[in-house]
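*Asks:* Could you have a look at this structure, given as structure tokens, before my questions?
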Amino acid sequence: MAQLTYRASVSLAIAQSMRKDQKVFFIGEDVGAAGGVFKATVGLLEEFGKERVMDAPISEQAILGAAMGAAMTGLRPIAEIMFSDFLAVCWDIVANQIAKTRYMSDGQINIPLVIRTANGGGSKFGAQHSQSLENWSMMIPGLKVVAPSCPSDVLGLMDSAVKDPDPVIFYEHKSLYAFKEEIEQTDISIPIGEANTLHEGKDITIIGLALMAQRAKEAALILKDKHDINAKVIDLRSLVPLDLQTIKKSVIETGHVLTVEENPRLCGWGAEISSLISEHCFKNLKGPVTRVTTPHVPLPSADILEDNTIPSVELIVNEVIKKLKGE
Amino acid sequence: MVDKLNDDIGEEKRLQLWEMMLKLRLVEKKAYDLFLQNLIKGTSHLALGQEAIAGAFGVALKQGDYTFCTYRGHAHTLARGSSIEGVLGELMGRQCGLMKGKGGSMHLTDVDNGVMGSYAIIGAHLTIANGTALASKYNKTNEVSVCFFGDGTTNIGAFHEALNMAKIWNLPIVFVCENNLYMEYTPIHEVTAVEHPAADRAGAYDLDKIIVDGNDADEMLRTAEKAISKAREGKGPSLIEAKTYRHSGHSRADPGKYRPDEEVKDWMENKDPIKNYRAKLLDFNINEKIISEIEEKIKDQVEKATEISMTSPIPEIKEIYTDVWANGGSEWHN
Ligand SMILES: Cc1ncc(C[n+]2csc(CCOP(=O)(O)OP(=O)(O)O)c2C)c(N)n1
Ligand SMILES: [Mg+2]
């Protein structure tokens, strides 16, 4: 048994994949010698050398383009985009090229690559270094979208992402890098597309992702201890593919649903979940699906402003109570 | 004057190049005809007039090498050995098309022949071509990657990112700028800080300044072979600027009226790569009968391929839902 941080699990997960498969290489800015701006890739250069751990120039299009081209030949690149916000400068490569080339080529070309990126708020970095952008990639056919909430999920999902024959965007949450977990076995695999239950309950279903899944779990503990409410917390772990069956099963039991998203309101992933639930579980619902999101604003920087923008544990607790007890 | 005694190319390769260029010309002409008959929908960008560039690379490259082209890529695809019905069929949205109608004119792809796609967002494929080159380096194999693009493409960021990366990693790649003097409807010199849009930027990436007459097939072949050898020998990337001109408009919808009549006339009459190469073959004492036999052969091939394409079935509607994912499907939830 060892305690592992989310941060350390990232470098370990990459190292494990690289040890297993010579086809895997890693490319990004400041990832090798510097070990990454979040120190999530420390030690990789030392173990694998410059041929497999490539420090790239500040050229996000060229980084992802090179990763894509290499993947087209059967290699399995892992490319880092330092902050997910920077996906905007290489979005053509992601949304037009990586996502669509398999389809347009009638399946002649596979693109087995992983784009890992630091996502989400909580660090007071302001509106251009804090966004939660899973929904950007979710709406594009051809991209798989993964967002682990704990070290073991980083390990297991990275293993699957690297082995996946399709492109996977792997959103690591900045505010979880210090999150610790006791891990028995590090060389694990978790299938992409299976949600995880973080807390059992039959009164309400709370659906979250990454940091919001952890906050939902904390909220569930408080709801149980102080308010006698048993919430089921579903950590989606991936948006594409989506584990609709797990959602359905719980909603049929509880009849109440709350989604918790870190992104601004419009076109957030919770809207899609809500729509699916109304389509598949309408008769089971005891009330409307409630969406907790950040307001539809860019993320502000000051402590008090950011803290009151991103959904907190307290907000989740209050929303659940309001919903179930009308308070 | 031709120097027959010191001929470094030789009859066999010249005829190969002739046949190749002619094929590109006649297929593009056929594509144009099929448009007029409304048998080809959507858009399409012909490379009429630019055949010597794709043709020379087609002759110079080996099986296994990778090419990347733009939406103006019918010729470049054929030049790698793709079938005519594969190209025309795709333009017509038929099952015999290279991608069975999934991609269309702007995205011709034929991996078996090294055609790693045709790209319609300016600049992107320069970065992607670096990736196949990087793979060759990583695997210690000796394929060469070649990336074709236009003069207008030198003004987008991806061009600069890609050249820098290719240079710092010494990648086995050849970037080929087909300078046809126009980016869409605008003369390139009006929107570019330097006279030679690609070549004048080469120095910024520690690359040689290479400018070639892209309508002189022999010169084009020499330039291609040199750059390809350099890449194959591990000596790094090249950037070639080939001067050329398109005979038709930018795309199907464009009559090309923004170009002065005199300019068009000069390029069509005096600088047509096909017309000039035919004359050159005769200068080299190649038997005219051989030349016209090739012409007949290609005409025949184009007619047969057209027939195959026209009678090939249209795709089944269920194809909409295939091949998003490697498992062949498009499901996104369980
Ligand atoms: C990023 C982007 N911007 C604009 C366009 C629209 N567009 C298509 S072709 C073209 C002109 C490109 O000119 P050039 O690179 O010289 O190539 P040519 O068409 O002459 O072969 C433009 C502007 C595009 N496809 N992608
Ligand atoms: Mg042009």
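Residue numbering restarts at 1 in every chain; chains get A, B, ... in the order shown in the structure tokens, and ligands count up from 1 in that same order.
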Taking only C-alpha atoms and all ligand atoms and a cut-off of 8 Å, can you tell me which residues surround ligand 1, written as a PyMOL selection string?

*Replies:* chain B and resi 45+47+70-72+120-123+149-154+156+178-185+188+246+250

*Asks:* Report as a PyMOL selection string all protein, DNA and RNA residues lying within 10 Å of segment 261-264 of chain B, evaluated on only C-alpha atoms, omitting residues in the same chain fewer than 5 positions from it.

*Replies:* chain B and resi 245-248+256+269-271

*Asks:* List every residue of segment 71-293 of chain B that DSSP, applied to the backbone, labels as strand (DSSP E or B), and write the result as a count of residues only.

*Replies:* 33

*Asks:* Using only C-alpha atoms, find which residues of chain A lie within 9 Å of chain B and jot them down as an MDAnalysis selection string.

*Replies:* chainID A and resid 23 51:52 56:75 92:93 96:97 99:111 141:144 164:166 193 239:245

*Asks:* Could you tell me how far atom CA of Pro295 of chain A sits from atom CA of Glu200 of chain A, in Å to one decimal place?

*Replies:*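 Atom CA of Glu200 of chain A sits 28.5 Å away from atom CA of Pro295 of chain A.
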
*Asks:* As an mmCIF file with all heavy atoms, in the first residue's frame, please: the residues near segment 83-87 of chain B (cut-off 10 Å, only C-alpha atoms, same-chain neighbours under 4 positions excluded).

*Replies:*
data_model
loop_
_atom_site.group_PDB
_atom_site.id
_atom_site.type_symbol
_atom_site.label_atom_id
_atom_site.label_comp_id
_atom_site.auth_asym_id
_atom_site.auth_seq_id
_atom_site.Cartn_x
_atom_site.Cartn_y
_atom_site.Cartn_z
ATOM 1 N N LYS B 23 -1.890 12.139 -67.289
ATOM 2 C CA LYS B 23 -2.990 11.542 -66.533
ATOM 3 C C LYS B 23 -3.626 12.592 -65.623
ATOM 4 O O LYS B 23 -4.847 12.755 -65.571
ATOM 5 C CB LYS B 23 -2.482 10.354 -65.721
ATOM 6 C CG LYS B 23 -3.542 9.708 -64.866
ATOM 7 C CD LYS B 23 -3.250 8.257 -64.581
ATOM 8 C CE LYS B 23 -2.448 8.092 -63.322
ATOM 9 N NZ LYS B 23 -2.225 6.680 -62.995
ATOM 10 N N LEU B 24 -2.789 13.340 -64.931
ATOM 11 C CA LEU B 24 -3.319 14.361 -64.019
ATOM 12 C C LEU B 24 -4.147 15.390 -64.797
ATOM 13 O O LEU B 24 -5.233 15.797 -64.381
ATOM 14 C CB LEU B 24 -2.183 15.062 -63.266
ATOM 15 C CG LEU B 24 -1.120 14.169 -62.603
ATOM 16 C CD1 LEU B 24 -0.181 14.993 -61.741
ATOM 17 C CD2 LEU B 24 -1.759 13.064 -61.773
ATOM 18 N N VAL B 27 -7.514 13.717 -66.201
ATOM 19 C CA VAL B 27 -8.504 13.426 -65.154
ATOM 20 C C VAL B 27 -9.130 14.723 -64.654
ATOM 21 O O VAL B 27 -10.353 14.807 -64.470
ATOM 22 C CB VAL B 27 -7.881 12.629 -63.978
ATOM 23 C CG1 VAL B 27 -8.905 12.455 -62.860
ATOM 24 C CG2 VAL B 27 -7.397 11.262 -64.447
ATOM 25 N N ALA B 31 -12.929 15.740 -64.689
ATOM 26 C CA ALA B 31 -13.653 16.200 -63.490
ATOM 27 C C ALA B 31 -14.440 17.464 -63.818
ATOM 28 O O ALA B 31 -15.597 17.625 -63.413
ATOM 29 C CB ALA B 31 -12.678 16.457 -62.346
ATOM 30 N N GLY B 73 -6.157 18.555 -54.439
ATOM 31 C CA GLY B 73 -5.303 17.381 -54.292
ATOM 32 C C GLY B 73 -5.613 16.198 -55.198
ATOM 33 O O GLY B 73 -5.044 15.118 -55.023
ATOM 34 N N HIS B 74 -6.499 16.375 -56.184
ATOM 35 C CA HIS B 74 -6.797 15.231 -57.057
ATOM 36 C C HIS B 74 -5.513 14.754 -57.727
ATOM 37 O O HIS B 74 -5.234 13.553 -57.804
ATOM 38 C CB HIS B 74 -7.798 15.602 -58.155
ATOM 39 C CG HIS B 74 -9.024 16.309 -57.668
ATOM 40 N ND1 HIS B 74 -9.838 17.035 -58.499
ATOM 41 C CD2 HIS B 74 -9.567 16.397 -56.434
ATOM 42 C CE1 HIS B 74 -10.845 17.546 -57.808
ATOM 43 N NE2 HIS B 74 -10.699 17.177 -56.548
ATOM 44 N N ALA B 75 -4.744 15.716 -58.234
ATOM 45 C CA ALA B 75 -3.533 15.384 -58.985
ATOM 46 C C ALA B 75 -2.504 14.699 -58.090
ATOM 47 O O ALA B 75 -1.890 13.694 -58.471
ATOM 48 C CB ALA B 75 -2.931 16.659 -59.586
ATOM 49 N N THR B 77 -2.975 13.008 -55.489
ATOM 50 C CA THR B 77 -3.428 11.671 -55.113
ATOM 51 C C THR B 77 -3.169 10.686 -56.255
ATOM 52 O O THR B 77 -2.589 9.620 -56.057
ATOM 53 C CB THR B 77 -4.931 11.730 -54.752
ATOM 54 O OG1 THR B 77 -5.085 12.659 -53.683
ATOM 55 C CG2 THR B 77 -5.460 10.377 -54.327
ATOM 56 N N LEU B 78 -3.564 11.086 -57.444
ATOM 57 C CA LEU B 78 -3.316 10.237 -58.617
ATOM 58 C C LEU B 78 -1.814 9.993 -58.808
ATOM 59 O O LEU B 78 -1.403 8.908 -59.208
ATOM 60 C CB LEU B 78 -3.877 10.908 -59.876
ATOM 61 C CG LEU B 78 -5.403 10.961 -59.969
ATOM 62 C CD1 LEU B 78 -5.824 11.997 -61.008
ATOM 63 C CD2 LEU B 78 -5.963 9.589 -60.318
ATOM 64 N N ALA B 79 -1.039 10.995 -58.488
ATOM 65 C CA ALA B 79 0.407 10.888 -58.714
ATOM 66 C C ALA B 79 1.053 9.809 -57.843
ATOM 67 O O ALA B 79 2.154 9.357 -58.127
ATOM 68 C CB ALA B 79 1.080 12.242 -58.448
ATOM 69 N N LEU B 91 -15.371 11.926 -56.109
ATOM 70 C CA LEU B 91 -15.948 13.221 -56.487
ATOM 71 C C LEU B 91 -17.439 13.087 -56.792
ATOM 72 O O LEU B 91 -18.229 13.992 -56.546
ATOM 73 C CB LEU B 91 -15.225 13.790 -57.713
ATOM 74 C CG LEU B 91 -14.007 14.694 -57.474
ATOM 75 C CD1 LEU B 91 -12.956 14.066 -56.598
ATOM 76 C CD2 LEU B 91 -13.398 15.124 -58.798
ATOM 77 N N MET B 92 -17.795 11.922 -57.340
ATOM 78 C CA MET B 92 -19.192 11.716 -57.721
ATOM 79 C C MET B 92 -20.015 11.094 -56.600
ATOM 80 O O MET B 92 -21.208 10.848 -56.770
ATOM 81 C CB MET B 92 -19.251 10.812 -58.966
ATOM 82 C CG MET B 92 -18.662 11.486 -60.201
ATOM 83 S SD MET B 92 -18.366 10.319 -61.537
ATOM 84 C CE MET B 92 -20.000 10.112 -62.160
ATOM 85 N N GLY B 93 -19.361 10.831 -55.461
ATOM 86 C CA GLY B 93 -20.092 10.259 -54.331
ATOM 87 C C GLY B 93 -20.528 8.833 -54.570
ATOM 88 O O GLY B 93 -21.665 8.463 -54.260
ATOM 89 N N ARG B 94 -19.643 8.038 -55.125
ATOM 90 C CA ARG B 94 -19.981 6.639 -55.438
ATOM 91 C C ARG B 94 -19.209 5.670 -54.546
ATOM 92 O O ARG B 94 -18.157 6.002 -54.011
ATOM 93 C CB ARG B 94 -19.639 6.326 -56.899
ATOM 94 C CG ARG B 94 -20.294 7.221 -57.908
ATOM 95 C CD ARG B 94 -21.794 7.056 -57.888
ATOM 96 N NE ARG B 94 -22.429 8.072 -58.714
ATOM 97 C CZ ARG B 94 -23.272 7.791 -59.693
ATOM 98 N NH1 ARG B 94 -23.595 6.542 -59.958
ATOM 99 N NH2 ARG B 94 -23.816 8.760 -60.386
ATOM 100 N N GLN B 95 -19.705 4.462 -54.497
ATOM 101 C CA GLN B 95 -19.054 3.434 -53.677
ATOM 102 C C GLN B 95 -17.641 3.112 -54.141
ATOM 103 O O GLN B 95 -16.813 2.653 -53.362
ATOM 104 C CB GLN B 95 -19.894 2.156 -53.659
ATOM 105 C CG GLN B 95 -21.010 2.224 -52.636
ATOM 106 C CD GLN B 95 -21.705 0.894 -52.453
ATOM 107 O OE1 GLN B 95 -21.122 -0.159 -52.697
ATOM 108 N NE2 GLN B 95 -22.960 0.937 -52.038
ATOM 109 N N CYS B 96 -17.361 3.317 -55.418
ATOM 110 C CA CYS B 96 -16.007 3.025 -55.893
ATOM 111 C C CYS B 96 -15.021 4.128 -55.516
ATOM 112 O O CYS B 96 -13.826 4.015 -55.756
ATOM 113 C CB CYS B 96 -15.989 2.799 -57.402
ATOM 114 S SG CYS B 96 -16.179 4.322 -58.349
ATOM 115 N N GLY B 97 -15.511 5.193 -54.905
ATOM 116 C CA GLY B 97 -14.629 6.287 -54.497
ATOM 117 C C GLY B 97 -13.651 5.859 -53.415
ATOM 118 O O GLY B 97 -13.915 4.902 -52.683
ATOM 119 N N LEU B 98 -12.550 6.566 -53.317
ATOM 120 C CA LEU B 98 -11.497 6.192 -52.359
ATOM 121 C C LEU B 98 -12.033 6.081 -50.938
ATOM 122 O O LEU B 98 -11.586 5.258 -50.157
ATOM 123 C CB LEU B 98 -10.356 7.213 -52.391
ATOM 124 C CG LEU B 98 -9.436 7.182 -53.608
ATOM 125 C CD1 LEU B 98 -8.455 8.347 -53.561
ATOM 126 C CD2 LEU B 98 -8.692 5.861 -53.693
ATOM 127 N N MET B 99 -12.979 6.934 -50.607
ATOM 128 C CA MET B 99 -13.545 6.879 -49.254
ATOM 129 C C MET B 99 -15.053 6.633 -49.315
ATOM 130 O O MET B 99 -15.787 7.009 -48.412
ATOM 131 C CB MET B 99 -13.254 8.184 -48.499
ATOM 132 C CG MET B 99 -11.784 8.503 -48.354
ATOM 133 S SD MET B 99 -11.253 9.572 -49.721
ATOM 134 C CE MET B 99 -11.980 11.112 -49.204
ATOM 135 N N LYS B 100 -15.480 6.043 -50.389
ATOM 136 C CA LYS B 100 -16.886 5.669 -50.589
ATOM 137 C C LYS B 100 -17.845 6.830 -50.332
ATOM 138 O O LYS B 100 -18.937 6.659 -49.790
ATOM 139 C CB LYS B 100 -17.248 4.486 -49.684
ATOM 140 C CG LYS B 100 -16.349 3.273 -49.888
ATOM 141 C CD LYS B 100 -17.040 2.021 -49.381
ATOM 142 C CE LYS B 100 -16.087 0.852 -49.239
ATOM 143 N NZ LYS B 100 -15.320 0.922 -47.971
ATOM 144 N N GLY B 104 -15.175 13.153 -49.924
ATOM 145 C CA GLY B 104 -15.398 14.105 -51.005
ATOM 146 C C GLY B 104 -14.112 14.648 -51.596
ATOM 147 O O GLY B 104 -13.012 14.274 -51.194
ATOM 148 N N SER B 105 -14.306 15.552 -52.532
ATOM 149 C CA SER B 105 -13.213 16.100 -53.330
ATOM 150 C C SER B 105 -12.054 16.652 -52.507
ATOM 151 O O SER B 105 -10.893 16.508 -52.856
ATOM 152 C CB SER B 105 -13.781 17.215 -54.215
ATOM 153 O OG SER B 105 -12.798 18.144 -54.558
ATOM 154 N N LEU B 108 -9.402 13.614 -50.302
ATOM 155 C CA LEU B 108 -8.955 12.350 -50.881
ATOM 156 C C LEU B 108 -7.857 11.720 -50.022
ATOM 157 O O LEU B 108 -6.883 12.378 -49.647
ATOM 158 C CB LEU B 108 -8.441 12.565 -52.309
ATOM 159 C CG LEU B 108 -9.480 13.060 -53.320
ATOM 160 C CD1 LEU B 108 -8.831 13.296 -54.679
ATOM 161 C CD2 LEU B 108 -10.645 12.077 -53.441
ATOM 162 N N THR B 109 -8.048 10.455 -49.723
ATOM 163 C CA THR B 109 -7.124 9.717 -48.857
ATOM 164 C C THR B 109 -6.963 8.308 -49.419
ATOM 165 O O THR B 109 -7.950 7.683 -49.798
ATOM 166 C CB THR B 109 -7.708 9.609 -47.427
ATOM 167 O OG1 THR B 109 -8.008 10.911 -46.944
ATOM 168 C CG2 THR B 109 -6.727 8.928 -46.478
ATOM 169 N N ASP B 110 -5.729 7.839 -49.473
ATOM 170 C CA ASP B 110 -5.477 6.492 -49.980
ATOM 171 C C ASP B 110 -4.204 5.972 -49.315
ATOM 172 O O ASP B 110 -3.118 6.058 -49.865
ATOM 173 C CB ASP B 110 -5.325 6.553 -51.511
ATOM 174 C CG ASP B 110 -5.164 5.166 -52.122
ATOM 175 O OD1 ASP B 110 -5.239 4.160 -51.382
ATOM 176 O OD2 ASP B 110 -4.954 5.101 -53.351
ATOM 177 N N ASN B 113 -1.496 3.783 -50.817
ATOM 178 C CA ASN B 113 -0.552 4.418 -51.733
ATOM 179 C C ASN B 113 0.204 5.588 -51.092
ATOM 180 O O ASN B 113 0.820 6.389 -51.797
ATOM 181 C CB ASN B 113 -1.286 4.884 -52.996
ATOM 182 C CG ASN B 113 -1.596 3.720 -53.929
ATOM 183 O OD1 ASN B 113 -0.688 2.991 -54.330
ATOM 184 N ND2 ASN B 113 -2.861 3.510 -54.233
ATOM 185 N N GLN B 301 -7.882 5.088 -70.505
ATOM 186 C CA GLN B 301 -8.002 4.802 -69.061
ATOM 187 C C GLN B 301 -9.017 5.740 -68.403
ATOM 188 O O GLN B 301 -9.822 5.315 -67.575
ATOM 189 C CB GLN B 301 -6.645 5.009 -68.362
ATOM 190 C CG GLN B 301 -5.659 3.877 -68.558
ATOM 191 C CD GLN B 301 -4.310 4.173 -67.888
ATOM 192 O OE1 GLN B 301 -4.182 5.159 -67.166
ATOM 193 N NE2 GLN B 301 -3.336 3.331 -68.133
ATOM 194 N N VAL B 302 -8.971 7.006 -68.785
ATOM 195 C CA VAL B 302 -9.877 7.978 -68.168
ATOM 196 C C VAL B 302 -11.321 7.659 -68.550
ATOM 197 O O VAL B 302 -12.229 7.695 -67.703
ATOM 198 C CB VAL B 302 -9.494 9.426 -68.571
ATOM 199 C CG1 VAL B 302 -10.532 10.426 -68.064
ATOM 200 C CG2 VAL B 302 -8.115 9.785 -68.032
ATOM 201 N N GLU B 303 -11.532 7.304 -69.813
ATOM 202 C CA GLU B 303 -12.898 6.967 -70.242
ATOM 203 C C GLU B 303 -13.417 5.753 -69.492
ATOM 204 O O GLU B 303 -14.552 5.721 -69.027
ATOM 205 C CB GLU B 303 -12.945 6.723 -71.762
ATOM 206 C CG GLU B 303 -12.848 7.996 -72.598
ATOM 207 C CD GLU B 303 -13.748 9.122 -72.091
ATOM 208 O OE1 GLU B 303 -14.928 8.863 -71.795
ATOM 209 O OE2 GLU B 303 -13.261 10.271 -71.984
ATOM 210 N N LYS B 304 -12.579 4.737 -69.392
ATOM 211 C CA LYS B 304 -13.018 3.508 -68.696
ATOM 212 C C LYS B 304 -13.324 3.801 -67.233
ATOM 213 O O LYS B 304 -14.329 3.334 -66.678
ATOM 214 C CB LYS B 304 -11.921 2.442 -68.800
ATOM 215 C CG LYS B 304 -11.830 1.816 -70.185
ATOM 216 C CD LYS B 304 -11.179 0.433 -70.110
ATOM 217 C CE LYS B 304 -11.239 -0.247 -71.472
ATOM 218 N NZ LYS B 304 -9.916 -0.258 -72.139
ATOM 219 N N ALA B 305 -12.442 4.580 -66.610
ATOM 220 C CA ALA B 305 -12.643 4.895 -65.182
ATOM 221 C C ALA B 305 -13.909 5.722 -64.988
ATOM 222 O O ALA B 305 -14.634 5.555 -64.006
ATOM 223 C CB ALA B 305 -11.428 5.632 -64.633
ATOM 224 N N THR B 306 -14.185 6.592 -65.949
ATOM 225 C CA THR B 306 -15.406 7.408 -65.866
ATOM 226 C C THR B 306 -16.633 6.495 -65.926
ATOM 227 O O THR B 306 -17.585 6.650 -65.147
ATOM 228 C CB THR B 306 -15.452 8.419 -67.029
ATOM 229 O OG1 THR B 306 -14.243 9.175 -67.006
ATOM 230 C CG2 THR B 306 -16.632 9.351 -66.901
ATOM 231 N N GLU B 307 -16.572 5.541 -66.819
ATOM 232 C CA GLU B 307 -17.670 4.589 -66.975
ATOM 233 C C GLU B 307 -17.872 3.806 -65.667
ATOM 234 O O GLU B 307 -18.995 3.653 -65.176
ATOM 235 C CB GLU B 307 -17.326 3.635 -68.138
ATOM 236 C CG GLU B 307 -18.422 2.677 -68.542
ATOM 237 C CD GLU B 307 -19.714 3.388 -68.935
ATOM 238 O OE1 GLU B 307 -19.638 4.525 -69.452
ATOM 239 O OE2 GLU B 307 -20.795 2.808 -68.693
ATOM 240 N N ILE B 308 -16.763 3.333 -65.107
ATOM 241 C CA ILE B 308 -16.841 2.586 -63.839
ATOM 242 C C ILE B 308 -17.475 3.467 -62.752
ATOM 243 O O ILE B 308 -18.363 3.038 -62.021
ATOM 244 C CB ILE B 308 -15.433 2.121 -63.375
ATOM 245 C CG1 ILE B 308 -14.849 1.109 -64.357
ATOM 246 C CG2 ILE B 308 -15.497 1.525 -61.967
ATOM 247 C CD1 ILE B 308 -13.406 0.711 -64.069
ATOM 248 N N SER B 309 -17.028 4.712 -62.695
ATOM 249 C CA SER B 309 -17.537 5.606 -61.644
ATOM 250 C C SER B 309 -19.018 5.884 -61.830
ATOM 251 O O SER B 309 -19.788 5.893 -60.870
ATOM 252 C CB SER B 309 -16.781 6.937 -61.662
ATOM 253 O OG SER B 309 -15.401 6.728 -61.591
ATOM 254 N N MET B 310 -19.417 6.116 -63.089
ATOM 255 C CA MET B 310 -20.811 6.463 -63.336
ATOM 256 C C MET B 310 -21.750 5.309 -63.047
ATOM 257 O O MET B 310 -22.907 5.526 -62.687
ATOM 258 C CB MET B 310 -20.988 6.972 -64.762
ATOM 259 C CG MET B 310 -20.455 8.392 -64.834
ATOM 260 S SD MET B 310 -20.427 9.265 -66.396
ATOM 261 C CE MET B 310 -21.727 8.683 -67.341
ATOM 262 N N SER B 312 -20.998 2.888 -60.818
ATOM 263 C CA SER B 312 -20.806 2.396 -59.446
ATOM 264 C C SER B 312 -21.989 2.815 -58.584
ATOM 265 O O SER B 312 -22.514 3.922 -58.731
ATOM 266 C CB SER B 312 -19.505 2.984 -58.891
ATOM 267 O OG SER B 312 -19.380 2.694 -57.521
#

*Asks:* Excluding Pro273 of chain B and any residue of its chain fewer than 3 positions from it, enumerate the residues within 12 Å of it, using only C-alpha atoms, and give them as a PyMOL selection string.

*Replies:* chain B and resi 17-18+21-22+24-25+47-56+213-220+243-247+267-270+276-280

*Asks:* Could you dump the residues just selected with C-alpha atoms as a PDB file, in the first residue's frame?

*Replies:*
ATOM      1  CA  LEU B  17       6.773  11.778 -66.105  1.00  0.00           C
ATOM      2  CA  TRP B  18       4.952  12.534 -69.333  1.00  0.00           C
ATOM      3  CA  MET B  21       1.392  14.566 -65.988  1.00  0.00           C
ATOM      4  CA  LEU B  22      -0.927  13.713 -68.804  1.00  0.00           C
ATOM      5  CA  LEU B  24      -3.319  14.361 -64.019  1.00  0.00           C
ATOM      6  CA  ARG B  25      -4.329  16.768 -66.769  1.00  0.00           C
ATOM      7  CA  ALA B  47      -4.802  21.659 -60.325  1.00  0.00           C
ATOM      8  CA  LEU B  48      -4.932  22.220 -64.087  1.00  0.00           C
ATOM      9  CA  GLY B  49      -1.658  23.878 -65.048  1.00  0.00           C
ATOM     10  CA  GLN B  50       0.182  22.719 -61.931  1.00  0.00           C
ATOM     11  CA  GLU B  51       0.715  19.095 -62.993  1.00  0.00           C
ATOM     12  CA  ALA B  52       4.496  19.186 -63.180  1.00  0.00           C
ATOM     13  CA  ILE B  53       4.825  19.561 -59.429  1.00  0.00           C
ATOM     14  CA  ALA B  54       2.646  16.667 -58.301  1.00  0.00           C
ATOM     15  CA  GLY B  55       3.857  14.681 -61.304  1.00  0.00           C
ATOM     16  CA  ALA B  56       7.544  15.108 -60.527  1.00  0.00           C
ATOM     17  CA  ASP B 213      10.106  26.849 -62.142  1.00  0.00           C
ATOM     18  CA  GLY B 214       7.258  24.567 -61.187  1.00  0.00           C
ATOM     19  CA  ASN B 215       6.112  24.304 -64.786  1.00  0.00           C
ATOM     20  CA  ASP B 216       9.419  22.895 -65.988  1.00  0.00           C
ATOM     21  CA  ALA B 217       8.901  19.212 -65.330  1.00  0.00           C
ATOM     22  CA  ASP B 218      12.574  18.270 -65.642  1.00  0.00           C
ATOM     23  CA  GLU B 219      13.691  20.972 -63.223  1.00  0.00           C
ATOM     24  CA  MET B 220      10.900  20.022 -60.897  1.00  0.00           C
ATOM     25  CA  LYS B 243       6.356  28.885 -59.305  1.00  0.00           C
ATOM     26  CA  THR B 244       3.272  27.859 -61.207  1.00  0.00           C
ATOM     27  CA  TYR B 245      -0.196  28.983 -62.273  1.00  0.00           C
ATOM     28  CA  ARG B 246      -3.614  27.469 -62.227  1.00  0.00           C
ATOM     29  CA  HIS B 247      -5.441  27.404 -65.533  1.00  0.00           C
ATOM     30  CA  TRP B 267       0.729  31.140 -68.739  1.00  0.00           C
ATOM     31  CA  MET B 268      -1.696  29.090 -70.819  1.00  0.00           C
ATOM     32  CA  GLU B 269       0.077  29.559 -74.129  1.00  0.00           C
ATOM     33  CA  ASN B 270       3.731  29.919 -73.260  1.00  0.00           C
ATOM     34  CA  ASN B 276       6.103  22.419 -73.184  1.00  0.00           C
ATOM     35  CA  TYR B 277       7.067  18.975 -72.037  1.00  0.00           C
ATOM     36  CA  ARG B 278       5.681  17.378 -75.157  1.00  0.00           C
ATOM     37  CA  ALA B 279       7.858  19.707 -77.207  1.00  0.00           C
ATOM     38  CA  LYS B 280      10.812  18.846 -75.038  1.00  0.00           C
TER      39      LYS B 280
END
